[in-house]
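query.tsv, holding TSV, C-alpha atoms (C1' of nucleotides):
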chain	number	residue	atom	x	y	z
H	1	MET	CA	38.01	-6.94	8.26
H	2	SER	CA	40.96	-8.67	6.70
H	3	LYS	CA	44.17	-10.19	7.83
H	4	THR	CA	45.53	-8.28	10.78
H	5	GLU	CA	43.53	-10.43	13.14
H	6	ASN	CA	42.59	-14.01	13.90
H	7	ASN	CA	39.34	-13.64	12.05
H	8	GLN	CA	37.53	-16.89	12.78
H	9	SER	CA	34.09	-15.36	12.59
H	10	ASN	CA	33.27	-17.98	9.97
H	11	VAL	CA	30.15	-16.12	8.99
H	12	THR	CA	29.64	-16.55	5.30
H	13	ASN	CA	27.68	-13.35	4.99
H	14	ASP	CA	26.80	-11.06	7.84
H	15	GLY	CA	24.64	-9.14	5.42
H	16	ASP	CA	21.99	-11.80	5.14
H	17	PHE	CA	21.55	-11.99	8.87
H	18	SER	CA	21.49	-8.25	9.25
H	19	VAL	CA	18.51	-8.21	6.88
H	20	ILE	CA	16.64	-10.62	9.14
H	21	PHE	CA	17.49	-8.65	12.25
H	22	ALA	CA	16.60	-5.39	10.58
H	23	ALA	CA	13.20	-6.82	9.71
H	24	LEU	CA	12.67	-7.75	13.34
H	25	GLY	CA	14.18	-4.48	14.52
H	26	ASP	CA	10.94	-2.56	14.35
H	27	SER	CA	8.39	-2.99	17.11
H	28	THR	CA	5.45	-3.00	14.72
H	29	ARG	CA	6.98	-5.68	12.54
H	30	LEU	CA	8.11	-7.72	15.51
H	31	ALA	CA	4.56	-7.61	16.83
H	32	LEU	CA	3.20	-8.78	13.47
H	33	PHE	CA	5.74	-11.58	13.30
H	34	ASP	CA	5.02	-12.54	16.88
H	35	ARG	CA	1.31	-12.61	16.18
H	36	LEU	CA	1.68	-14.81	13.13
H	37	SER	CA	3.79	-17.32	15.04
H	38	ASP	CA	0.65	-19.22	16.01
H	39	GLY	CA	0.55	-20.53	12.47
H	40	LYS	CA	-2.73	-19.02	11.41
H	41	PRO	CA	-2.45	-16.99	8.20
H	42	ARG	CA	-4.19	-13.63	8.34
H	43	SER	CA	-5.32	-11.10	5.80
H	44	ILE	CA	-3.92	-7.60	5.68
H	45	SER	CA	-7.22	-6.13	6.84
H	46	VAL	CA	-7.34	-8.40	9.87
H	47	LEU	CA	-3.75	-7.56	10.74
H	48	SER	CA	-4.47	-3.87	10.31
H	49	ASP	CA	-7.62	-3.80	12.41
H	50	ASP	CA	-5.95	-3.54	15.79
H	51	ALA	CA	-2.88	-1.68	14.62
H	52	ASP	CA	-2.83	2.04	15.21
H	53	MET	CA	-1.83	2.84	11.67
H	54	THR	CA	-3.05	2.64	8.12
H	55	ARG	CA	-3.52	-0.54	6.17
H	56	GLN	CA	-0.88	0.68	3.75
H	57	ALA	CA	1.66	1.02	6.54
H	58	VAL	CA	0.94	-2.53	7.68
H	59	THR	CA	1.26	-3.70	4.07
H	60	LYS	CA	4.70	-2.14	3.85
H	61	HIS	CA	5.79	-3.80	7.06
H	62	LEU	CA	4.51	-7.16	5.90
H	63	ARG	CA	6.47	-6.80	2.68
H	64	VAL	CA	9.63	-6.09	4.62
H	65	LEU	CA	9.04	-9.26	6.62
H	66	GLU	CA	8.37	-11.12	3.41
H	67	ALA	CA	11.52	-9.78	1.77
H	68	ALA	CA	13.47	-11.05	4.77
H	69	GLY	CA	11.88	-14.47	4.31
H	70	LEU	CA	10.21	-14.36	7.71
H	71	VAL	CA	6.71	-14.47	6.28
H	72	GLN	CA	4.98	-15.79	3.20
H	73	ASN	CA	2.19	-14.29	1.18
H	74	HIS	CA	-0.60	-16.16	-0.59
H	75	ARG	CA	-3.33	-14.41	-2.46
H	76	MET	CA	-6.73	-15.94	-1.70
H	77	GLY	CA	-9.43	-14.45	-3.84
H	78	ARG	CA	-9.59	-10.78	-3.06
H	79	GLU	CA	-7.57	-10.97	0.11
H	80	SER	CA	-3.89	-11.67	0.55
H	81	HIS	CA	-2.95	-13.84	3.49
H	82	TYR	CA	0.37	-13.62	5.28
H	83	ALA	CA	1.69	-16.65	7.10
H	84	PHE	CA	4.59	-17.34	9.41
H	85	CYS	CA	7.66	-18.85	7.77
H	86	PRO	CA	10.12	-20.47	10.17
H	87	ASP	CA	13.18	-20.95	7.97
H	88	GLN	CA	14.87	-17.60	8.40
H	89	LEU	CA	13.97	-17.61	12.06
H	90	LYS	CA	15.88	-20.84	12.46
H	91	GLN	CA	18.77	-19.30	10.57
H	92	ALA	CA	18.84	-16.32	12.89
H	93	ARG	CA	18.67	-18.56	15.93
H	94	ALA	CA	21.53	-20.65	14.62
H	95	TYR	CA	23.63	-17.57	14.05
H	96	LEU	CA	23.02	-16.21	17.53
H	97	ASP	CA	23.83	-19.63	18.94
H	98	GLN	CA	27.08	-19.56	17.03
H	99	VAL	CA	28.03	-16.16	18.38
H	100	ALA	CA	27.07	-17.17	21.89
H	101	GLY	CA	29.11	-20.33	21.49
H	102	ARG	CA	32.14	-18.33	20.43
H	103	TRP	CA	31.76	-16.19	23.51
H	104	ASP	CA	31.38	-19.21	25.77
H	105	SER	CA	34.48	-20.90	24.47
H	106	ALA	CA	36.37	-17.66	24.87
H	107	LEU	CA	35.27	-17.65	28.50
H	108	MET	CA	36.36	-21.25	28.86
H	109	ARG	CA	39.80	-20.50	27.48
H	110	LEU	CA	40.15	-17.57	29.82
H	111	LYS	CA	39.03	-19.63	32.78
H	112	THR	CA	41.43	-22.50	32.14
H	113	PHE	CA	44.21	-20.00	31.54
H	114	VAL	CA	43.60	-18.28	34.85
H	115	GLU	CA	43.26	-21.56	36.71
H	116	GLY	CA	46.40	-22.93	35.11
H	117	ASP	CA	48.22	-19.71	35.95
H	118	ASP	CA	47.00	-19.80	39.53
H	119	GLY	CA	47.35	-23.52	40.33
Y	120	MET	CA	-3.51	-5.85	19.60
Y	121	SER	CA	-6.22	-6.32	22.14
Y	122	LYS	CA	-9.02	-8.67	22.81
Y	123	THR	CA	-10.50	-9.81	19.54
Y	124	GLU	CA	-8.03	-12.63	19.39
Y	125	ASN	CA	-6.42	-15.37	21.43
Y	126	ASN	CA	-3.42	-13.21	22.17
Y	127	GLN	CA	-1.05	-15.52	23.98
Y	128	SER	CA	2.08	-13.85	22.72
Y	129	ASN	CA	3.07	-13.41	26.34
Y	130	VAL	CA	5.80	-10.99	25.38
Y	131	THR	CA	6.07	-8.42	28.09
Y	132	ASN	CA	7.53	-5.82	25.77
Y	133	ASP	CA	8.22	-6.37	22.11
Y	134	GLY	CA	9.87	-2.98	22.10
Y	135	ASP	CA	12.88	-4.07	24.10
Y	136	PHE	CA	13.63	-6.92	21.77
Y	137	SER	CA	13.11	-4.77	18.74
Y	138	VAL	CA	15.87	-2.50	20.04
Y	139	ILE	CA	18.25	-5.44	20.20
Y	140	PHE	CA	17.32	-6.63	16.74
Y	141	ALA	CA	17.55	-3.14	15.35
Y	142	ALA	CA	21.07	-2.86	16.75
Y	143	LEU	CA	22.01	-6.09	14.99
Y	144	GLY	CA	20.09	-5.09	11.90
Y	145	ASP	CA	22.96	-3.20	10.34
Y	146	SER	CA	25.72	-5.14	8.64
Y	147	THR	CA	28.46	-2.90	10.02
Y	148	ARG	CA	27.21	-3.25	13.57
Y	149	LEU	CA	26.65	-6.97	13.20
Y	150	ALA	CA	30.22	-7.31	12.00
Y	151	LEU	CA	31.49	-5.34	14.99
Y	152	PHE	CA	29.45	-7.44	17.38
Y	153	ASP	CA	30.57	-10.62	15.68
Y	154	ARG	CA	34.17	-9.55	15.91
Y	155	LEU	CA	33.96	-8.75	19.60
Y	156	SER	CA	32.41	-12.12	20.36
Y	157	ASP	CA	35.86	-13.59	20.90
Y	158	GLY	CA	35.91	-11.78	24.21
Y	159	LYS	CA	38.82	-9.48	23.54
Y	160	PRO	CA	38.02	-5.82	24.17
Y	161	ARG	CA	39.21	-3.49	21.45
Y	162	SER	CA	39.74	0.23	21.15
Y	163	ILE	CA	37.78	2.34	18.71
Y	164	SER	CA	40.87	2.95	16.61
Y	165	VAL	CA	41.57	-0.75	16.29
Y	166	LEU	CA	37.97	-1.43	15.36
Y	167	SER	CA	38.05	1.40	12.83
Y	168	ASP	CA	41.29	0.38	11.16
Y	169	ASP	CA	39.83	-2.23	8.85
Y	170	ALA	CA	36.41	-0.66	8.48
Y	171	ASP	CA	35.81	1.29	5.30
Y	172	MET	CA	34.43	4.30	7.12
Y	173	THR	CA	35.41	7.04	9.51
Y	174	ARG	CA	36.28	6.50	13.13
Y	175	GLN	CA	33.31	8.67	14.03
Y	176	ALA	CA	30.95	6.42	12.14
Y	177	VAL	CA	32.32	3.38	13.96
Y	178	THR	CA	31.94	5.26	17.23
Y	179	LYS	CA	28.30	5.89	16.50
Y	180	HIS	CA	27.71	2.24	15.69
Y	181	LEU	CA	29.42	1.14	18.88
Y	182	ARG	CA	27.22	3.46	20.87
Y	183	VAL	CA	24.12	1.98	19.30
Y	184	LEU	CA	25.34	-1.47	20.29
Y	185	GLU	CA	26.07	-0.18	23.75
Y	186	ALA	CA	22.64	1.41	24.08
Y	187	ALA	CA	21.14	-1.96	23.19
Y	188	GLY	CA	23.22	-3.58	25.92
Y	189	LEU	CA	25.09	-5.77	23.47
Y	190	VAL	CA	28.45	-4.23	24.24
Y	191	GLN	CA	30.16	-2.50	27.14
Y	192	ASN	CA	32.53	0.42	27.15
Y	193	HIS	CA	35.44	0.99	29.50
Y	194	ARG	CA	37.71	3.95	29.23
Y	195	MET	CA	41.36	2.93	29.64
Y	196	GLY	CA	43.63	5.91	29.70
Y	197	ARG	CA	43.28	7.74	26.46
Y	198	GLU	CA	41.52	4.94	24.66
Y	199	SER	CA	38.05	3.55	25.15
Y	200	HIS	CA	37.67	-0.18	24.89
Y	201	TYR	CA	34.50	-1.92	23.78
Y	202	ALA	CA	33.81	-5.44	24.94
Y	203	PHE	CA	31.22	-8.07	24.14
Y	204	CYS	CA	28.32	-8.31	26.58
Y	205	PRO	CA	26.32	-11.54	26.39
Y	206	ASP	CA	23.23	-10.69	28.43
Y	207	GLN	CA	21.06	-9.12	25.77
Y	208	LEU	CA	22.21	-11.71	23.28
Y	209	LYS	CA	20.87	-14.41	25.56
Y	210	GLN	CA	17.64	-12.46	25.88
Y	211	ALA	CA	17.25	-12.27	22.13
Y	212	ARG	CA	17.99	-15.96	21.77
Y	213	ALA	CA	15.42	-16.80	24.41
Y	214	TYR	CA	12.83	-14.72	22.65
Y	215	LEU	CA	13.46	-16.34	19.28
Y	216	ASP	CA	13.32	-19.73	20.96
Y	217	GLN	CA	9.96	-18.79	22.41
Y	218	VAL	CA	8.58	-17.75	19.04
Y	219	ALA	CA	9.94	-20.87	17.39
Y	220	GLY	CA	8.40	-22.94	20.16
Y	221	ARG	CA	5.03	-21.35	19.59
Y	222	TRP	CA	5.29	-22.19	15.93
Y	223	ASP	CA	6.32	-25.78	16.65
Y	224	SER	CA	3.43	-26.42	18.99
Y	225	ALA	CA	1.07	-24.91	16.45
Y	226	LEU	CA	2.40	-27.42	13.95
Y	227	MET	CA	1.95	-30.21	16.46
Y	228	ARG	CA	-1.66	-29.24	17.08
Y	229	LEU	CA	-2.33	-29.12	13.37
Y	230	LYS	CA	-0.71	-32.51	12.86
Y	231	THR	CA	-2.64	-34.27	15.58
Y	232	PHE	CA	-5.81	-32.65	14.34
Y	233	VAL	CA	-5.27	-33.88	10.81
Y	234	GLU	CA	-4.31	-37.35	11.98
Y	235	GLY	CA	-7.29	-37.54	14.29
Y	236	ASP	CA	-9.51	-36.35	11.48
Y	237	ASP	CA	-8.13	-38.90	9.06
Y	238	GLY	CA	-7.80	-42.00	11.28
D	239	DA	C1'	-26.20	-5.51	-11.62
D	240	DC	C1'	-24.41	-2.82	-7.98
D	241	DA	C1'	-22.46	-1.64	-3.84
D	242	DT	C1'	-18.67	-2.51	-1.08
D	243	DA	C1'	-14.82	-4.93	0.85
D	244	DA	C1'	-9.88	-5.90	0.19
D	245	DC	C1'	-6.16	-4.67	-1.97
D	246	DG	C1'	-2.30	-2.37	-5.09
D	247	DC	C1'	0.10	1.66	-6.76
D	248	DA	C1'	2.09	6.07	-6.54
D	249	DA	C1'	2.99	10.50	-4.74
D	250	DC	C1'	4.12	12.85	-0.92
D	251	DC	C1'	5.92	14.18	3.72
D	252	DT	C1'	8.72	14.08	7.91
D	253	DC	C1'	12.15	12.40	10.67
D	254	DC	C1'	15.79	9.39	11.76
D	255	DT	C1'	19.98	7.09	10.31
D	256	DG	C1'	24.43	6.46	8.48
D	257	DG	C1'	28.14	9.02	7.34
D	258	DT	C1'	31.40	13.03	6.95
D	259	DT	C1'	34.20	17.04	8.41
D	260	DG	C1'	36.31	20.27	11.54
D	261	DC	C1'	37.92	21.35	15.85
D	262	DA	C1'	38.75	20.82	20.84
D	263	DT	C1'	40.45	17.84	24.64
D	264	DT	C1'	42.87	14.43	27.08
D	265	DT	C1'	46.68	11.31	27.46
D	266	DA	C1'	50.79	8.87	26.27
D	267	DA	C1'	55.57	9.11	24.32
D	268	DG	C1'	60.12	11.04	23.34
K	269	DC	C1'	57.86	20.23	27.24
K	270	DT	C1'	56.35	19.25	22.95
K	271	DT	C1'	54.33	16.30	19.77
K	272	DA	C1'	51.28	12.98	18.26
K	273	DA	C1'	47.70	9.55	19.23
K	274	DA	C1'	42.94	8.52	20.68
K	275	DT	C1'	38.88	10.27	21.51
K	276	DG	C1'	34.72	13.48	22.07
K	277	DC	C1'	31.50	16.92	20.40
K	278	DA	C1'	28.79	19.42	17.17
K	279	DA	C1'	27.29	20.77	12.77
K	280	DC	C1'	26.03	19.25	8.64
K	281	DC	C1'	24.21	16.43	4.67
K	282	DA	C1'	21.92	12.88	1.66
K	283	DG	C1'	19.07	9.19	1.56
K	284	DG	C1'	16.01	5.89	3.31
K	285	DA	C1'	12.30	4.42	6.59
K	286	DG	C1'	7.84	4.88	8.44
K	287	DG	C1'	3.59	6.76	7.58
K	288	DT	C1'	-0.39	9.08	5.14
K	289	DT	C1'	-3.64	10.16	1.40
K	290	DG	C1'	-5.91	9.58	-2.94
K	291	DC	C1'	-7.36	6.81	-6.48
K	292	DG	C1'	-7.83	2.74	-9.31
K	293	DT	C1'	-8.80	-2.36	-9.63
K	294	DT	C1'	-10.53	-6.82	-8.51
K	295	DA	C1'	-13.57	-9.95	-5.97
K	296	DT	C1'	-17.68	-10.85	-2.91
K	297	DG	C1'	-22.11	-10.62	-1.46
K	298	DT	C1'	-26.88	-9.50	-2.02

Here is a file; write its structure as C-alpha cells.
Amino acid sequence: MSKTENNQSNVTNDGDFSVIFAALGDSTRLALFDRLSDGKPRSISVLSDDADMTRQAVTKHLRVLEAAGLVQNHRMGRESHYAFCPDQLKQARAYLDQVAGRWDSALMRLKTFVEGDDG
Amino acid sequence: MSKTENNQSNVTNDGDFSVIFAALGDSTRLALFDRLSDGKPRSISVLSDDADMTRQAVTKHLRVLEAAGLVQNHRMGRESHYAFCPDQLKQARAYLDQVAGRWDSALMRLKTFVEGDDG
DNA sequence: ACATAACGCAACCTCCTGGTTGCATTTAAG
DNA sequence: CTTAAATGCAACCAGGAGGTTGCGTTATGT
C-alpha cells in the first residue's frame, strides 16, 4: 500500500477499526453487545443464563468486547457488571460513513463524467 | 436469549451482520475493502502487488469479502477483477445506527427519569 | 459460622483461519 | 506457435479462537 496509486484512503490506522469489527464479527459477541445496548449493565451470570455455553466462554467474549472498547467492566461486590460503551461504536460508524462517502463521490464523478461525455 | 427479559433487540438475524463484521475484522481485508471504495475494480495481481503476502493469500481474503457481499468479482479475460459493492456496507451501517439509536434513547429515558426525580 | 453464589485462573482440546508452496490451466502477447 | 502472465486448485502447516473442565477465591445471605 504505498505510492503506485492515488491512495487517499486517509485512514490513520485500519488496524484499530479491524479490532472493533473483529469483536463484532462473532454472533455470540454481537448478541451480547446488542443486548447491552439498552444501557442496563449486567453481571456475567445474568448474561450467561440464556446463552448456550459456559460462563467462562461468555467471560472470554466479554473481555474481547472490552478489549475493543465496546464494553466496560465494573466490579460490584462479588459480581462484575458489563455495560455498553458507545465510543468505539461511534468510531466504527464514522469509519463506515467515510468509506460509504468515498464510494458515493466516486459514483458522482462517474455520473458527471458519463453525462458530460454524452451531452 | 428468550423471554426472561425485555428483548426488543429486533434484529432479525445477528448472524448475518456478524459475517459482515467478521469480513471487515481483519486488517488486510479492511485495507482491501478500503482501497476498493474508490470504485475502481482491480485485478488480483494489482491488489497483491503492494501487499506483503502471497497472491493466494490475497485471493482468499477477497473471497471472504465476496462471500460477505462486500465485494463483487467479474472475470475479464485472463484476469479477475474485484469491485466494491455497497449494499452490505449500507446494511452494516444501518445496523450500527440502530444499536446507537437504542443506546441514545436509553440515555434519554435515564435523563428524563433523573430530572423528573430531582425536580 | 457456613453454605453457596459469582467469579478468576489455568490447562486443555478441537477446529478454523491466515498463510505458504507446488502445479495445472487459461489467456494474452510477440 | 511459443512464451509468459494471471489465475485456480489442493495440500499442507502453525497458531489462534472458541469452548470446556477443574479448582481456588471472594462476597452474600441466613

Using only C-alpha atoms (C1' of nucleotides), the best pick from Y:Arg161, Y:Trp222, Y:Ala213, Y:Arg148 as closest to chain D would be Y:Arg148

Any idea what's packed within 8 Å of Arg93 in chain H, counting only C-alpha atoms (C1' of nucleotides), ignoring anything in its chain fewer than 4 positions away? Could you give it as a list of chain:residue names?
->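 After dropping sequence-adjacent residues, the list is H:Leu89, H:Asp97, Y:Arg212, Y:Leu215, Y:Asp216.
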
Return the padded bounding box of range 84-100 of chain H as lines of an AutoDock Vina configuration file: axis-aligned, built from all atoms listed in the file, 5 Å added on each side, with centre and edge lengths in Å to one decimal.
center_x = 16.3
center_y = -18.6
center_z = 14.8
size_x = 33.4
size_y = 14.8
size_z = 24.1

For chain Y, work out the contacting residues on chain K at 10 Å, counting only C-alpha atoms (C1' of nucleotides), and write them as a list in words.
->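 The contacting residues on chain K are DA273, DA274, DT275 and DG276 of chain K.
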
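Applying a distance limit of 10 Å to all atoms listed in the file, the residues of chain D near chain H read DA243, DA244, DC245 and DG246 of chain D.
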
Please, which residues in chain H fall within 8 Å of chain Y when counting all atoms listed in the file, and what is the closest atom pair and distance in Å to one decimal for each, ordered by chain then residue number, as a tab-separated table?
residue	atom	partner	partner_atom	distance
H:Met1	CA	Y:Asp169	CA	5.1
H:Ser2	CA	Y:Asp169	CA	6.9
H:Asn7	CA	Y:Arg154	CA	7.6
H:Ser9	CA	Y:Asp153	CA	6.7
H:Asp14	CA	Y:Ser146	CA	6.1
H:Gly15	CA	Y:Ser146	CA	5.2
H:Phe17	CA	Y:Gly144	CA	7.7
H:Ser18	CA	Y:Gly144	CA	4.4
H:Val19	CA	Y:Gly144	CA	6.1
H:Ile20	CA	Y:Gly144	CA	7.1
H:Phe21	CA	Y:Gly144	CA	4.4
H:Ala22	CA	Y:Gly144	CA	3.7
H:Ala23	CA	Y:Gly144	CA	7.4
H:Leu24	CA	Y:Phe140	CA	5.9
H:Gly25	CA	Y:Ala141	CA	3.7
H:Asp26	CA	Y:Ser137	CA	5.4
H:Ser27	CA	Y:Gly134	CA	5.2
H:Leu30	CA	Y:Ser137	CA	6.6
H:Ala31	CA	Y:Asp133	CA	6.5
H:Asp34	CA	Y:Ser128	CA	6.7
H:Arg35	CA	Y:Ser128	CA	6.7
H:Ser37	CA	Y:Trp222	CA	5.2
H:Asp38	CA	Y:Trp222	CA	5.5
H:Gly39	CA	Y:Ala225	CA	5.9
H:Asp50	CA	Y:Met120	CA	5.1
H:Ala51	CA	Y:Met120	CA	6.5
H:Pro86	CA	Y:Ala219	CA	7.2
H:Leu89	CA	Y:Leu215	CA	7.3
H:Lys90	CA	Y:Ala219	CA	7.7
H:Arg93	CA	Y:Arg212	CA	6.4
H:Leu96	CA	Y:Arg212	CA	6.6
H:Asp97	CA	Y:Arg212	CA	7.5
H:Val99	CA	Y:Ser156	CA	6.3
H:Ala100	CA	Y:Pro205	CA	7.2
H:Arg102	CA	Y:Asp157	CA	6.0
H:Trp103	CA	Y:Ser156	CA	5.2
H:Ala106	CA	Y:Asp157	CA	5.7
H:Leu107	CA	Y:Gly158	CA	7.3

Interatomic distance (Å, one decimal) between C1' of DC253 in chain D and C1' of DT288 in chain K =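 Value for the C1' of DC253 in chain D-C1' of DT288 in chain K distance: 14.1 Å.
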
For the atom pair C1' of DG284 in chain K and CA of Lys179 in chain Y, what is the interatomic distance in Å to one decimal place?
-> 18.0 Å

Which residue of D:DT255, D:DA249, D:DC261, D:DA239 approaches DA278 in chain K most closely, using only C-alpha atoms (C1' of nucleotides) |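 Residue with the minimum atom-to-atom distance to DA278 in chain K: D:DC261.
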
Could you check how far C1' of DC251 in chain D sits from C1' of DA285 in chain K, in Å to one decimal?
->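 A separation of 12.0 Å between them.
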
Identify, on the basis of all atoms listed in the file, every residue whose closest approach to DC280 in chain K does not exceed 12 Å; exclude the query and any residue fewer than 4 positions from it along the same chain; express the result as a VMD selection string.
-> chain D and resid 257 to 260

Write out as number ranges by chain each polymer residue whose atoms come within 12 Å of DG268 in chain D, counting only C-alpha atoms (C1' of nucleotides); drop sequence neighbours fewer than 5 positions from it.
-> K: 269-272
